[in-house]
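A.B. asks: Just one file: query_2.cif, with mmCIF, C-alpha atoms and all ligand atoms.
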data_my_file
#
loop_
_atom_site.label_atom_id
_atom_site.label_comp_id
_atom_site.auth_asym_id
_atom_site.auth_seq_id
_atom_site.Cartn_x
_atom_site.Cartn_y
_atom_site.Cartn_z
CA MET A 1103 125.42 119.13 94.35
CA THR A 1104 122.06 118.69 96.04
CA ASP A 1105 118.94 119.94 94.19
CA LYS A 1106 117.18 123.21 94.98
CA HIS A 1107 113.65 122.71 96.30
CA PRO A 1108 111.29 124.14 98.93
CA ILE A 1109 112.09 123.20 102.54
CA ARG A 1110 111.46 119.47 102.72
CA ILE A 1111 110.09 118.02 105.92
CA LEU A 1112 110.38 114.29 106.32
CA SER A 1113 109.32 111.81 108.95
CA GLY A 1114 108.38 108.18 109.28
CA ILE A 1115 106.48 106.02 111.68
CA GLN A 1116 106.64 102.24 112.02
CA PRO A 1117 103.47 100.23 111.47
CA SER A 1118 104.32 98.06 114.42
CA GLY A 1119 101.12 98.53 116.43
CA VAL A 1120 98.26 100.84 117.32
CA LEU A 1121 99.12 104.55 117.58
CA HIS A 1122 99.00 106.12 121.04
CA ILE A 1123 98.93 109.65 122.38
CA GLY A 1124 102.73 109.60 122.88
CA ASN A 1125 103.09 109.06 119.12
CA TYR A 1126 100.51 111.78 118.52
CA PHE A 1127 102.11 114.55 120.60
CA GLY A 1128 105.71 113.46 120.06
CA MET A 1129 105.63 112.96 116.33
CA MET A 1130 102.29 113.17 114.51
CA ARG A 1131 101.01 116.53 115.69
CA PRO A 1132 104.33 118.36 115.10
CA ALA A 1133 104.64 116.68 111.70
CA ILE A 1134 101.11 117.72 110.76
CA ALA A 1135 101.72 121.30 111.94
CA LEU A 1136 104.93 121.51 109.88
CA GLN A 1137 103.07 120.72 106.66
CA SER A 1138 102.44 124.42 106.16
CA GLU A 1139 106.17 125.24 106.23
CA GLY A 1140 107.24 123.37 103.14
CA GLU A 1141 106.91 120.14 101.25
CA ALA A 1142 106.05 117.30 103.62
CA PHE A 1143 107.14 113.72 102.93
CA TYR A 1144 105.71 111.33 105.49
CA PHE A 1145 106.03 107.60 105.22
CA ILE A 1146 105.07 104.36 106.89
CA ALA A 1147 108.30 102.59 107.81
CA ASP A 1148 107.30 99.04 106.87
CA TYR A 1149 110.86 97.81 106.15
CA HIS A 1150 111.79 98.91 109.66
CA ALA A 1151 108.73 97.21 111.12
CA LEU A 1152 110.01 93.88 109.75
CA THR A 1153 112.55 93.96 112.58
CA SER A 1154 109.67 93.33 114.98
CA VAL A 1155 106.54 92.18 113.10
CA ARG A 1156 106.72 88.64 111.71
CA ASP A 1157 103.13 88.15 110.62
CA PRO A 1158 102.32 89.37 107.08
CA THR A 1159 98.59 89.84 107.71
CA THR A 1160 99.29 91.89 110.83
CA LEU A 1161 101.84 94.00 108.97
CA CYS A 1162 99.40 94.74 106.12
CA GLU A 1163 96.65 95.69 108.58
CA ASN A 1164 99.01 97.90 110.57
CA ILE A 1165 100.17 99.74 107.46
CA HIS A 1166 96.61 100.48 106.47
CA ARG A 1167 95.66 101.59 109.98
CA VAL A 1168 98.65 103.91 110.38
CA ALA A 1169 97.75 105.59 107.09
CA LEU A 1170 94.13 105.90 108.19
CA ASP A 1171 95.01 107.29 111.63
CA PHE A 1172 97.56 109.75 110.30
CA LEU A 1173 95.08 111.07 107.73
CA ALA A 1174 92.32 111.23 110.36
CA CYS A 1175 94.61 113.27 112.62
CA GLY A 1176 94.99 115.94 109.94
CA LEU A 1177 97.72 114.91 107.55
CA ASP A 1178 96.88 116.59 104.26
CA PRO A 1179 97.97 114.45 101.30
CA GLU A 1180 97.49 117.42 98.96
CA ARG A 1181 100.28 119.34 100.69
CA GLY A 1182 102.84 116.62 100.56
CA ALA A 1183 103.22 112.92 100.12
CA LEU A 1184 102.13 110.05 102.34
CA PHE A 1185 103.68 106.79 101.19
CA ARG A 1186 104.94 103.36 102.15
CA GLN A 1187 108.69 103.10 102.70
CA SER A 1188 108.76 99.86 100.66
CA ASP A 1189 107.23 101.63 97.65
CA VAL A 1190 110.64 103.28 97.28
CA PRO A 1191 112.94 100.23 97.29
CA GLN A 1192 115.91 102.38 96.19
CA VAL A 1193 116.19 103.26 99.87
CA THR A 1194 117.62 99.81 100.58
CA GLU A 1195 120.29 100.39 97.93
CA LEU A 1196 121.24 103.64 99.60
CA ALA A 1197 121.28 101.89 102.99
CA TRP A 1198 123.84 99.44 101.56
CA ILE A 1199 126.03 102.24 100.24
CA LEU A 1200 125.82 104.08 103.58
CA SER A 1201 126.66 100.89 105.46
CA THR A 1202 130.01 100.78 103.66
CA VAL A 1203 131.06 104.03 105.36
CA ALA A 1204 129.25 103.42 108.68
CA PRO A 1205 131.66 102.72 111.55
CA MET A 1206 130.66 99.65 113.61
CA GLY A 1207 131.36 101.60 116.80
CA LEU A 1208 128.84 104.30 115.88
CA LEU A 1209 126.07 101.72 115.51
CA GLU A 1210 127.17 99.80 118.59
CA ARG A 1211 126.54 102.96 120.62
CA SER A 1212 122.91 103.23 119.43
CA HIS A 1213 120.61 103.55 122.47
CA SER A 1214 117.63 102.07 120.74
CA TYR A 1215 119.62 98.99 119.67
CA LYS A 1216 120.94 98.52 123.20
CA ASP A 1217 117.45 99.04 124.70
CA LYS A 1218 115.98 96.44 122.38
CA LEU A 1219 118.66 93.90 123.28
CA ALA A 1220 118.07 94.63 126.96
CA ARG A 1221 114.39 93.83 126.41
CA GLY A 1222 115.32 90.45 124.99
CA VAL A 1223 114.81 91.22 121.27
CA PRO A 1224 117.12 88.87 119.30
CA PRO A 1225 120.04 90.86 117.82
CA SER A 1226 119.49 90.49 114.06
CA VAL A 1227 121.70 92.27 111.53
CA GLY A 1228 118.57 94.21 110.51
CA LEU A 1229 118.09 95.51 114.02
CA PHE A 1230 121.74 96.53 114.18
CA ASN A 1231 121.50 98.22 110.79
CA TYR A 1232 118.23 99.97 111.64
CA PRO A 1233 119.83 103.44 111.94
CA VAL A 1234 121.54 103.06 108.55
CA LEU A 1235 118.22 102.38 106.83
CA MET A 1236 116.77 105.34 108.71
CA ALA A 1237 119.64 107.52 107.48
CA ALA A 1238 118.89 106.36 103.94
CA ASP A 1239 115.20 107.28 104.43
CA ILE A 1240 116.20 110.79 105.35
CA LEU A 1241 119.05 111.40 102.90
CA ILE A 1242 117.32 109.96 99.84
CA TYR A 1243 114.85 112.88 99.85
CA ASP A 1244 117.40 115.65 100.54
CA SER A 1245 115.37 116.30 103.70
CA ASP A 1246 115.83 119.56 105.58
CA ILE A 1247 113.79 119.02 108.73
CA VAL A 1248 112.94 115.78 110.51
CA PRO A 1249 110.22 116.06 113.19
CA VAL A 1250 110.51 113.16 115.64
CA GLY A 1251 110.18 112.36 119.32
CA LYS A 1252 113.21 112.76 121.57
CA ASP A 1253 114.03 109.04 121.47
CA GLN A 1254 114.86 109.37 117.76
CA LYS A 1255 117.36 112.20 118.23
CA GLN A 1256 120.40 109.91 118.22
CA HIS A 1257 119.23 108.38 114.95
CA ILE A 1258 119.27 111.81 113.34
CA GLU A 1259 122.76 112.39 114.71
CA ILE A 1260 123.88 109.10 113.16
CA THR A 1261 122.28 110.22 109.87
CA ARG A 1262 124.28 113.43 109.96
CA ASP A 1263 127.49 111.52 110.76
CA LEU A 1264 126.94 109.22 107.78
CA ALA A 1265 126.18 112.17 105.48
CA VAL A 1266 129.43 113.82 106.58
CA LYS A 1267 131.38 110.57 105.98
CA MET A 1268 129.91 110.32 102.47
CA ASN A 1269 130.68 113.96 101.73
CA GLU A 1270 134.25 113.55 102.97
CA ALA A 1271 134.75 110.49 100.79
CA PHE A 1272 132.88 111.52 97.63
CA GLY A 1273 132.39 115.30 97.61
CA GLN A 1274 129.17 117.16 98.43
CA VAL A 1275 126.63 114.32 98.01
CA PHE A 1276 124.22 115.03 100.87
CA LYS A 1277 122.83 117.95 102.78
CA LEU A 1278 122.68 117.65 106.57
CA PRO A 1279 119.14 117.33 107.99
CA GLU A 1280 118.02 119.02 111.21
CA PRO A 1281 115.93 117.23 113.85
CA ARG A 1282 112.84 119.08 115.09
CA ILE A 1283 111.94 117.96 118.59
CA GLN A 1284 109.01 119.51 120.44
CA ALA A 1285 110.27 120.62 123.84
CA ALA A 1286 106.84 120.71 125.51
CA THR A 1287 106.01 117.16 124.56
CA GLU A 1288 109.46 115.61 124.61
CA VAL A 1289 108.29 112.59 126.53
CA VAL A 1290 104.61 111.85 127.03
CA PRO A 1291 104.20 109.65 130.12
CA GLY A 1292 102.18 106.44 130.05
CA ILE A 1293 99.67 105.29 132.67
CA ASP A 1294 102.50 104.00 134.89
CA GLY A 1295 104.41 107.31 134.70
CA GLN A 1296 107.21 105.88 132.49
CA LYS A 1297 107.58 106.99 128.87
CA MET A 1298 104.45 105.94 127.00
CA SER A 1299 105.33 103.10 124.66
CA LYS A 1300 103.45 100.19 123.20
CA SER A 1301 106.31 97.96 124.25
CA TYR A 1302 105.73 98.88 127.90
CA GLY A 1303 101.97 98.26 127.70
CA ASN A 1304 101.31 101.64 129.34
CA ASN A 1305 99.74 103.31 126.30
CA ILE A 1306 96.50 105.21 125.85
CA ASP A 1307 95.55 104.82 122.19
CA ILE A 1308 94.35 107.72 120.04
CA PHE A 1309 91.44 105.79 118.61
CA GLY A 1310 90.71 103.31 121.38
CA ASP A 1311 87.01 102.71 122.10
CA GLU A 1312 85.35 104.79 124.79
CA LYS A 1313 85.12 102.13 127.47
CA GLU A 1314 88.71 100.98 127.07
CA THR A 1315 90.06 104.54 126.94
CA ARG A 1316 88.18 105.47 130.11
CA LYS A 1317 89.52 102.35 131.82
CA ARG A 1318 93.10 103.21 130.81
CA VAL A 1319 92.77 106.79 132.10
CA MET A 1320 91.19 105.62 135.37
CA SER A 1321 94.09 103.22 135.92
CA ILE A 1322 96.79 105.91 135.83
CA VAL A 1323 99.12 105.24 138.75
CA THR A 1324 99.07 107.90 141.51
CA ASP A 1325 100.56 108.27 144.97
CA SER A 1326 98.39 107.77 148.04
CA THR A 1327 97.83 111.42 149.05
CA PRO A 1328 94.40 111.63 150.76
CA VAL A 1329 91.54 113.53 149.06
CA GLU A 1330 91.70 116.55 151.42
CA ALA A 1331 95.48 117.07 151.11
CA PRO A 1332 97.28 119.22 148.50
CA LYS A 1333 98.85 117.09 145.76
CA ASP A 1334 102.27 117.06 144.14
CA LEU A 1335 101.96 118.52 140.64
CA SER A 1336 105.51 117.95 139.55
CA ARG A 1337 105.30 114.17 139.42
CA SER A 1338 101.64 113.80 138.44
CA THR A 1339 101.01 111.89 135.23
CA ILE A 1340 97.38 113.07 135.31
CA PHE A 1341 98.44 116.71 135.33
CA GLN A 1342 101.12 116.20 132.67
CA LEU A 1343 98.60 114.55 130.35
CA TYR A 1344 95.89 117.11 131.11
CA SER A 1345 98.36 119.86 130.16
CA LEU A 1346 98.47 118.40 126.65
CA PHE A 1347 94.71 118.63 126.17
CA GLY A 1348 93.37 121.49 128.31
CA SER A 1349 93.23 125.20 127.44
CA ASN A 1350 95.51 127.52 129.43
CA ASN A 1351 92.59 128.40 131.69
CA GLU A 1352 91.70 124.79 132.33
CA ILE A 1353 95.31 123.94 133.13
CA VAL A 1354 95.53 126.81 135.63
CA GLN A 1355 92.30 125.63 137.26
CA MET A 1356 93.54 122.08 137.63
CA ARG A 1357 96.84 123.33 139.02
CA GLU A 1358 94.96 125.33 141.70
CA LYS A 1359 92.80 122.33 142.61
CA PHE A 1360 95.91 120.19 143.01
CA GLN A 1361 97.49 122.78 145.28
CA GLU A 1362 94.35 123.47 147.34
CA GLY A 1363 93.53 119.85 148.16
CA GLY A 1364 89.96 118.62 148.51
CA THR A 1365 89.77 116.91 145.12
CA GLY A 1366 90.61 113.22 144.75
CA TYR A 1367 92.68 111.70 141.96
CA GLY A 1368 89.57 109.91 140.67
CA ASP A 1369 87.93 113.27 139.89
CA PHE A 1370 91.04 114.56 138.15
CA LYS A 1371 91.15 111.39 136.06
CA LYS A 1372 87.52 111.89 135.02
CA GLN A 1373 88.32 115.44 133.91
CA LEU A 1374 91.31 114.17 131.96
CA PHE A 1375 89.24 111.50 130.25
CA GLU A 1376 86.56 114.05 129.21
CA LYS A 1377 89.18 116.41 127.72
CA LEU A 1378 91.03 113.65 125.93
CA TRP A 1379 87.84 112.19 124.47
CA GLU A 1380 86.63 115.60 123.30
CA TYR A 1381 90.06 116.46 121.83
CA PHE A 1382 90.04 113.49 119.47
CA SER A 1383 86.34 113.72 118.63
CA PRO A 1384 86.68 115.58 115.27
CA MET A 1385 89.44 113.15 114.31
CA ARG A 1386 87.24 110.14 115.09
CA LYS A 1387 84.62 111.67 112.82
CA ARG A 1388 87.12 112.21 110.02
CA ARG A 1389 88.33 108.64 110.47
CA GLU A 1390 84.81 107.31 109.88
CA GLU A 1391 84.54 109.41 106.71
CA ILE A 1392 87.82 108.07 105.36
CA LEU A 1393 86.78 104.51 106.18
CA ALA A 1394 83.58 104.99 104.17
CA ASP A 1395 85.60 105.78 101.04
CA LYS A 1396 87.08 102.39 100.14
CA SER A 1397 89.72 103.52 97.66
CA TYR A 1398 90.83 106.74 99.39
CA ILE A 1399 93.81 105.36 101.31
CA ASP A 1400 95.14 103.32 98.37
CA ASN A 1401 94.90 106.38 96.13
CA VAL A 1402 96.71 108.57 98.63
CA LEU A 1403 99.51 106.01 99.04
CA ALA A 1404 99.88 105.50 95.27
CA HIS A 1405 100.08 109.24 94.66
CA GLY A 1406 102.59 109.62 97.52
CA ALA A 1407 104.75 106.78 96.20
CA LYS A 1408 104.92 108.40 92.76
CA ARG A 1409 106.10 111.71 94.17
CA ALA A 1410 108.62 110.08 96.52
CA ASN A 1411 110.04 107.96 93.69
CA GLU A 1412 110.65 111.01 91.52
CA VAL A 1413 112.85 112.56 94.18
CA ALA A 1414 114.54 109.31 95.24
CA ASP A 1415 115.45 108.44 91.63
CA ARG A 1416 117.09 111.82 91.16
CA VAL A 1417 119.08 111.60 94.36
CA MET A 1418 120.17 108.01 93.65
CA GLN A 1419 121.47 109.03 90.25
CA ARG A 1420 123.61 111.61 91.98
CA VAL A 1421 124.79 109.09 94.61
CA ARG A 1422 125.62 106.38 92.07
CA ALA A 1423 127.60 108.82 89.99
CA ALA A 1424 129.44 110.12 93.06
CA VAL A 1425 130.58 106.68 94.23
CA GLY A 1426 131.38 105.34 90.75
CA LEU A 1427 128.38 103.06 90.09
CA ARG A 1428 126.85 103.74 86.70
P1 LIG B 1 106.64 103.06 120.72
O1 LIG B 1 107.63 103.49 121.77
O2 LIG B 1 105.25 103.02 121.24
O3 LIG B 1 107.07 101.77 120.03
P2 LIG B 1 107.63 104.32 118.36
O4 LIG B 1 109.02 104.01 118.81
O5 LIG B 1 107.07 103.55 117.21
O6 LIG B 1 106.66 104.18 119.61
O7 LIG B 1 107.56 105.88 118.08
C1 LIG B 1 107.00 106.52 116.95
C2 LIG B 1 107.21 108.01 117.08
O8 LIG B 1 106.49 108.52 118.20
C3 LIG B 1 108.67 108.43 117.29
O9 LIG B 1 108.93 109.66 116.61
C4 LIG B 1 108.76 108.62 118.77
O10 LIG B 1 109.77 109.50 119.16
C5 LIG B 1 107.38 109.17 119.11
N1 LIG B 1 107.01 108.76 120.47
C6 LIG B 1 106.75 107.50 120.88
N2 LIG B 1 106.44 107.46 122.19
C7 LIG B 1 106.53 108.76 122.63
C8 LIG B 1 106.32 109.39 123.90
N3 LIG B 1 105.96 108.69 124.97
N4 LIG B 1 106.50 110.72 123.98
C9 LIG B 1 106.85 111.44 122.89
N5 LIG B 1 107.05 110.90 121.67
C10 LIG B 1 106.90 109.58 121.53
N1 LIG B 2 112.71 104.95 113.67
C1 LIG B 2 111.51 105.74 113.63
C2 LIG B 2 110.61 105.34 114.82
O1 LIG B 2 110.68 104.26 115.32
C3 LIG B 2 110.74 105.57 112.34
C4 LIG B 2 111.53 106.04 111.17
C5 LIG B 2 112.10 105.25 110.20
C6 LIG B 2 111.85 107.39 110.86
N2 LIG B 2 112.73 106.04 109.31
C7 LIG B 2 112.62 107.35 109.67
C8 LIG B 2 111.56 108.62 111.46
C9 LIG B 2 113.10 108.51 109.07
C10 LIG B 2 112.06 109.78 110.86
C11 LIG B 2 112.81 109.73 109.69
O2 LIG B 2 109.81 106.12 115.22
#
Take the structure I supplied and represent it as structure tokens, if you would.
Ligand code: ADP
Ligand code: TRP
C.D. replies:
Amino acid sequence: MTDKHPIRILSGIQPSGVLHIGNYFGMMRPAIALQSEGEAFYFIADYHALTSVRDPTTLCENIHRVALDFLACGLDPERGALFRQSDVPQVTELAWILSTVAPMGLLERSHSYKDKLARGVPPSVGLFNYPVLMAADILIYDSDIVPVGKDQKQHIEITRDLAVKMNEAFGQVFKLPEPRIQAATEVVPGIDGQKMSKSYGNNIDIFGDEKETRKRVMSIVTDSTPVEAPKDLSRSTIFQLYSLFGSNNEIVQMREKFQEGGTGYGDFKKQLFEKLWEYFSPMRKRREEILADKSYIDNVLAHGAKRANEVADRVMQRVRAAVGLR
């Protein structure tokens, strides 16, 4: 049987690049908000990042920066655990065990695998097995809730399928985790109007410098409606992004200005930039404070790894016993 514990919230993020506002609204902010609802386990998915990052120095830097950015955005290491995935190597053992019950067809239907192949990423076994490792990440902590962006929903479904397969084969080994997807921010658009993603190069970074961030905002793609004419709200990336940052009042005001006409897209973009810059200002300040304390991040990660290992060891004992490995 699974252990009794407070609601456990778990999520991971790959250290495969610089974090952008799609990551923030889709995953980081909901994860940070959920910290007050139970015990939060958040990790940096460095094993997963090996499917795309092949330079060790870059990987190390990325890991450190993701930890820094997550902490700067409000993750509270006192309320839960922030750790590196690879500090809990038992997760790869569980991934192996899960892979023995994972149907090939289930993995072959994975959207993210198919998308990556379509983008020309070489089809390694690791890439194919990515969802199995992700299932292990989730199941090894008896997780209850998994806050992620919409694009990760299928991975949580695969996790549940694998948990059911294990339970059918070996008795009640795993509990079934629930995804938590924020409806309002399901997909944050990038500057070209497509889903924001570092792989599409359409990202606005959370901690980009001022000049670069302004440039990115000013280059948001718009239609060619003249200044005087009313503008289409429904397909406007500027308005969608502004809605993430503005107060209700400010959003209503921008909506009216769009509908009235008389304001050009350039002005709307300036307003968006100001809001966005102001929104992340306290987080930039916190980031500087963390950077000034040289050992802070290492201490947080070491403490997180210890906590995560305690839980993972317990669960793995249960799994090994269930399948007949002693
Ligand atoms: P990227 O697409 O830039 O490579 P990742 O795949 O590493 O981003 O995503 C990390 C987390 O951020 C995931 O939970 C994902 O769902 C979320 N996320 C990424 N981009 C967006 C977006 N544009 N809108 C909402 N959530 C997103
Ligand atoms: N695949 C996730 C992403 O790209 C990262 C991740 C790995 C994850 N393991 C996880 C997210 C477990 C939630 C739970 O964003």
A.B. asks: Excluding Val1190 (chain A) and its own-chain neighbours fewer than 3 positions away, which residues fall within 8 Å of it when counting only C-alpha atoms? Please give them as a PDB file with C-alpha atoms, in the frame of the given file.
C.D. replies:
ATOM      1  CA  ARG A1186     104.940 103.360 102.150  1.00  0.00           C
ATOM      2  CA  GLN A1187     108.690 103.100 102.700  1.00  0.00           C
ATOM      3  CA  VAL A1193     116.190 103.260  99.870  1.00  0.00           C
ATOM      4  CA  ALA A1407     104.750 106.780  96.200  1.00  0.00           C
ATOM      5  CA  ALA A1410     108.620 110.080  96.520  1.00  0.00           C
ATOM      6  CA  ASN A1411     110.040 107.960  93.690  1.00  0.00           C
ATOM      7  CA  ALA A1414     114.540 109.310  95.240  1.00  0.00           C
TER       8      ALA A1414
END
A.B. asks: What's around region 1263-1278 of chain A at 8 Å? Count all atoms listed in the file, leave out sequence neighbours fewer than 4 positions away in its own chain, and write the answer as number ranges by chain.
C.D. replies: A: 1103-1104, 1200, 1203-1204, 1237, 1241, 1244-1246, 1259, 1420-1421, 1424-1425
A.B. asks: For Lys1377 (chain A), which residue out of A:Gln1419, A:Ser1138, A:Thr1153, A:Ser1345 is the nearest one, using all atoms listed in the file?
C.D. replies: A:Ser1345
A.B. asks: Could you tell me how far CA of Gln1254 (chain A) lies from CA of Asp1311 (chain A), in Å and to one decimal?
C.D. replies: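 Here the two named atoms are 29.0 Å from each other.
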A.B. asks: Give me, as a list in words, all polymer residues having an atom no more than 8 Å from Ile1115 (chain A), counting only C-alpha atoms and skipping those fewer than 4 positions away in the same chain.
C.D. replies: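 The neighbour list is Phe1145, Ile1146 and Ala1147 of chain A.
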A.B. asks: Within 9 Å of region 1381-1391 of chain A, counting all atoms listed in the file, which residues show up once you throw out same-chain ones fewer than 2 positions away? Write them as a short mmCIF file (atom, residue, chain, number, x, y, z; two decimals) with C-alpha atoms, in the coordinates of the input, please.
C.D. replies:
data_model
loop_
_atom_site.label_atom_id
_atom_site.label_comp_id
_atom_site.auth_asym_id
_atom_site.auth_seq_id
_atom_site.Cartn_x
_atom_site.Cartn_y
_atom_site.Cartn_z
CA LEU A 1170 94.13 105.90 108.19
CA ASP A 1171 95.01 107.29 111.63
CA LEU A 1173 95.08 111.07 107.73
CA ALA A 1174 92.32 111.23 110.36
CA CYS A 1175 94.61 113.27 112.62
CA GLY A 1176 94.99 115.94 109.94
CA ILE A 1308 94.35 107.72 120.04
CA PHE A 1309 91.44 105.79 118.61
CA PHE A 1347 94.71 118.63 126.17
CA GLY A 1348 93.37 121.49 128.31
CA GLU A 1376 86.56 114.05 129.21
CA LYS A 1377 89.18 116.41 127.72
CA LEU A 1378 91.03 113.65 125.93
CA TRP A 1379 87.84 112.19 124.47
CA LEU A 1393 86.78 104.51 106.18
CA ALA A 1394 83.58 104.99 104.17
CA ASP A 1395 85.60 105.78 101.04
#
A.B. asks: How many Å separate atom C10 of ligand LIG 2 (chain B) from CA of Leu1112 (chain A)?
C.D. replies: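 We find that atom C10 of ligand LIG 2 (chain B) and CA of Leu1112 (chain A) lie 6.6 Å from each other.
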A.B. asks: Quick one: which chain A residues come within 9 Å of ligand LIG 2 (chain B), and what is the nearest atom pair for each with the distance in Å to one decimal, counting all atoms listed in the file, rows ordered by chain and ascending number, as a Markdown table?
C.D. replies:
| residue | atom | partner | partner_atom | distance |
| --- | --- | --- | --- | --- |
| A:Leu1112 | CA | B:LIG2 | C11 | 6.2 |
| A:Ser1113 | CA | B:LIG2 | C10 | 3.9 |
| A:Gly1114 | CA | B:LIG2 | C8 | 3.9 |
| A:Ile1115 | CA | B:LIG2 | C3 | 4.3 |
| A:Gln1116 | CA | B:LIG2 | C3 | 5.3 |
| A:Ser1118 | CA | B:LIG2 | O1 | 8.9 |
| A:Asn1125 | CA | B:LIG2 | O2 | 8.3 |
| A:Met1129 | CA | B:LIG2 | O2 | 8.1 |
| A:Tyr1144 | CA | B:LIG2 | C11 | 8.4 |
| A:Phe1145 | CA | B:LIG2 | C7 | 8.0 |
| A:Ile1146 | CA | B:LIG2 | C5 | 7.8 |
| A:Ala1147 | CA | B:LIG2 | C5 | 5.2 |
| A:Asp1148 | CA | B:LIG2 | C5 | 8.5 |
| A:Tyr1149 | CA | B:LIG2 | C5 | 8.6 |
| A:His1150 | CA | B:LIG2 | C5 | 6.4 |
| A:Ala1151 | CA | B:LIG2 | O1 | 8.4 |
| A:Gln1187 | CA | B:LIG2 | N2 | 8.3 |
| A:Tyr1232 | CA | B:LIG2 | N1 | 7.7 |
| A:Pro1233 | CA | B:LIG2 | N1 | 7.5 |
| A:Leu1235 | CA | B:LIG2 | N2 | 7.0 |
| A:Met1236 | CA | B:LIG2 | N2 | 4.1 |
| A:Ala1237 | CA | B:LIG2 | C9 | 6.8 |
| A:Ala1238 | CA | B:LIG2 | C9 | 8.0 |
| A:Asp1239 | CA | B:LIG2 | C9 | 5.2 |
| A:Ile1240 | CA | B:LIG2 | C9 | 5.4 |
| A:Val1248 | CA | B:LIG2 | C10 | 6.1 |
| A:Pro1249 | CA | B:LIG2 | C10 | 6.9 |
| A:Val1250 | CA | B:LIG2 | C10 | 6.1 |
| A:Gly1251 | CA | B:LIG2 | O2 | 7.5 |
| A:Asp1253 | CA | B:LIG2 | O2 | 8.1 |
| A:Gln1254 | CA | B:LIG2 | N1 | 6.4 |
| A:His1257 | CA | B:LIG2 | N1 | 7.5 |
| A:Ile1258 | CA | B:LIG2 | C11 | 7.7 |
| A:Pro1281 | CA | B:LIG2 | C10 | 8.9 |
A.B. asks: Identify the residues within 12 Å of coordinate (103.5, 114.6, 141.4) (same frame as the file), considering only C-alpha atoms, and give the answer as a compact mmCIF listing (two decimals) with C-alpha atoms, in the coordinates of the input.
C.D. replies:
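Output contents, as saved in point16.txt:
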# COMPACT_ATOMS: atom_id res chain seq x y z
CA GLY A 1295 104.41 107.31 134.70
CA VAL A 1323 99.12 105.24 138.75
CA THR A 1324 99.07 107.90 141.51
CA ASP A 1325 100.56 108.27 144.97
CA SER A 1326 98.39 107.77 148.04
CA THR A 1327 97.83 111.42 149.05
CA PRO A 1332 97.28 119.22 148.50
CA LYS A 1333 98.85 117.09 145.76
CA ASP A 1334 102.27 117.06 144.14
CA LEU A 1335 101.96 118.52 140.64
CA SER A 1336 105.51 117.95 139.55
CA ARG A 1337 105.30 114.17 139.42
CA SER A 1338 101.64 113.80 138.44
CA THR A 1339 101.01 111.89 135.23
CA ILE A 1340 97.38 113.07 135.31
CA PHE A 1341 98.44 116.71 135.33
CA GLN A 1342 101.12 116.20 132.67
CA ARG A 1357 96.84 123.33 139.02
CA PHE A 1360 95.91 120.19 143.01
CA GLN A 1361 97.49 122.78 145.28
CA TYR A 1367 92.68 111.70 141.96
A.B. asks: Taking every listed atom of region 1137-1155 of chain A and adding 3 Å to each side, what centre and edge lengths in Å (one decimal) does the axis-aligned box have, as AutoDock Vina command-line options?
C.D. replies:
--center_x 107.5 --center_y 108.7 --center_z 108.1 --size_x 16.1 --size_y 39.1 --size_z 19.7
A.B. asks: Could you work out how far CA of Asp1415 (chain A) lies from CA of Thr1202 (chain A), giving the answer in Å with one decimal?
C.D. replies: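 Interatomic distance here is 20.4 Å.
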A.B. asks: Which is closer to Asn1304 (chain A) than all the others in A:Ile1322, A:Leu1427, A:Val1234, A:Val1289, using all atoms listed in the file?
C.D. replies: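 Smallest distance to Asn1304 (chain A) is found for A:Ile1322.
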A.B. asks: Hey, what's within 9 Å of Met1298 (chain A) if we count only C-alpha atoms and toss same-chain stuff fewer than 6 positions away? As a list in words, please?
C.D. replies: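 Counting only C-alpha atoms, the residues come to His1122, Ile1123, Gly1124, Asn1125, Val1289, Val1290, Pro1291, Gly1292, Asn1304, Asn1305 and Ile1306 of chain A.
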A.B. asks: Pick out the closest residue to ligand LIG 1 (chain B) from this set: A:Ser1214, A:Thr1160, A:Ser1226, A:Gln1373. Count all atoms listed in the file.
C.D. replies: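 Closest candidate: A:Ser1214.
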A.B. asks: Using only C-alpha atoms and all ligand atoms, which residue out of A:Lys1300, A:Lys1255, A:Lys1216, A:Arg1262 lies closest to ligand LIG 1 (chain B)?
C.D. replies: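 Residue with the minimum atom-to-atom distance to ligand LIG 1 (chain B): A:Lys1300.
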A.B. asks: Using only C-alpha atoms, which of the listed residues (A:Ala1135, A:Leu1209, A:Val1413, A:Ile1293) sits closest to Leu1229 (chain A)?
C.D. replies: A:Leu1209
A.B. asks: Of the residues A:Arg1156, A:Lys1297, A:Lys1396, A:His1405, which is the one nearest to ligand LIG 1 (chain B), using only C-alpha atoms and all ligand atoms?
C.D. replies: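 Nearest candidate to ligand LIG 1 (chain B) out of A:Arg1156, A:Lys1297, A:Lys1396, A:His1405: A:Lys1297.
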A.B. asks: For a cutoff of 10 Å around the file-coordinate point (90.3, 109.7, 141.6), which residues qualify once you count only C-alpha atoms? I'd like the result as a PyMOL selection string.
C.D. replies: chain A and resi 1320-1322+1324+1329+1365-1373
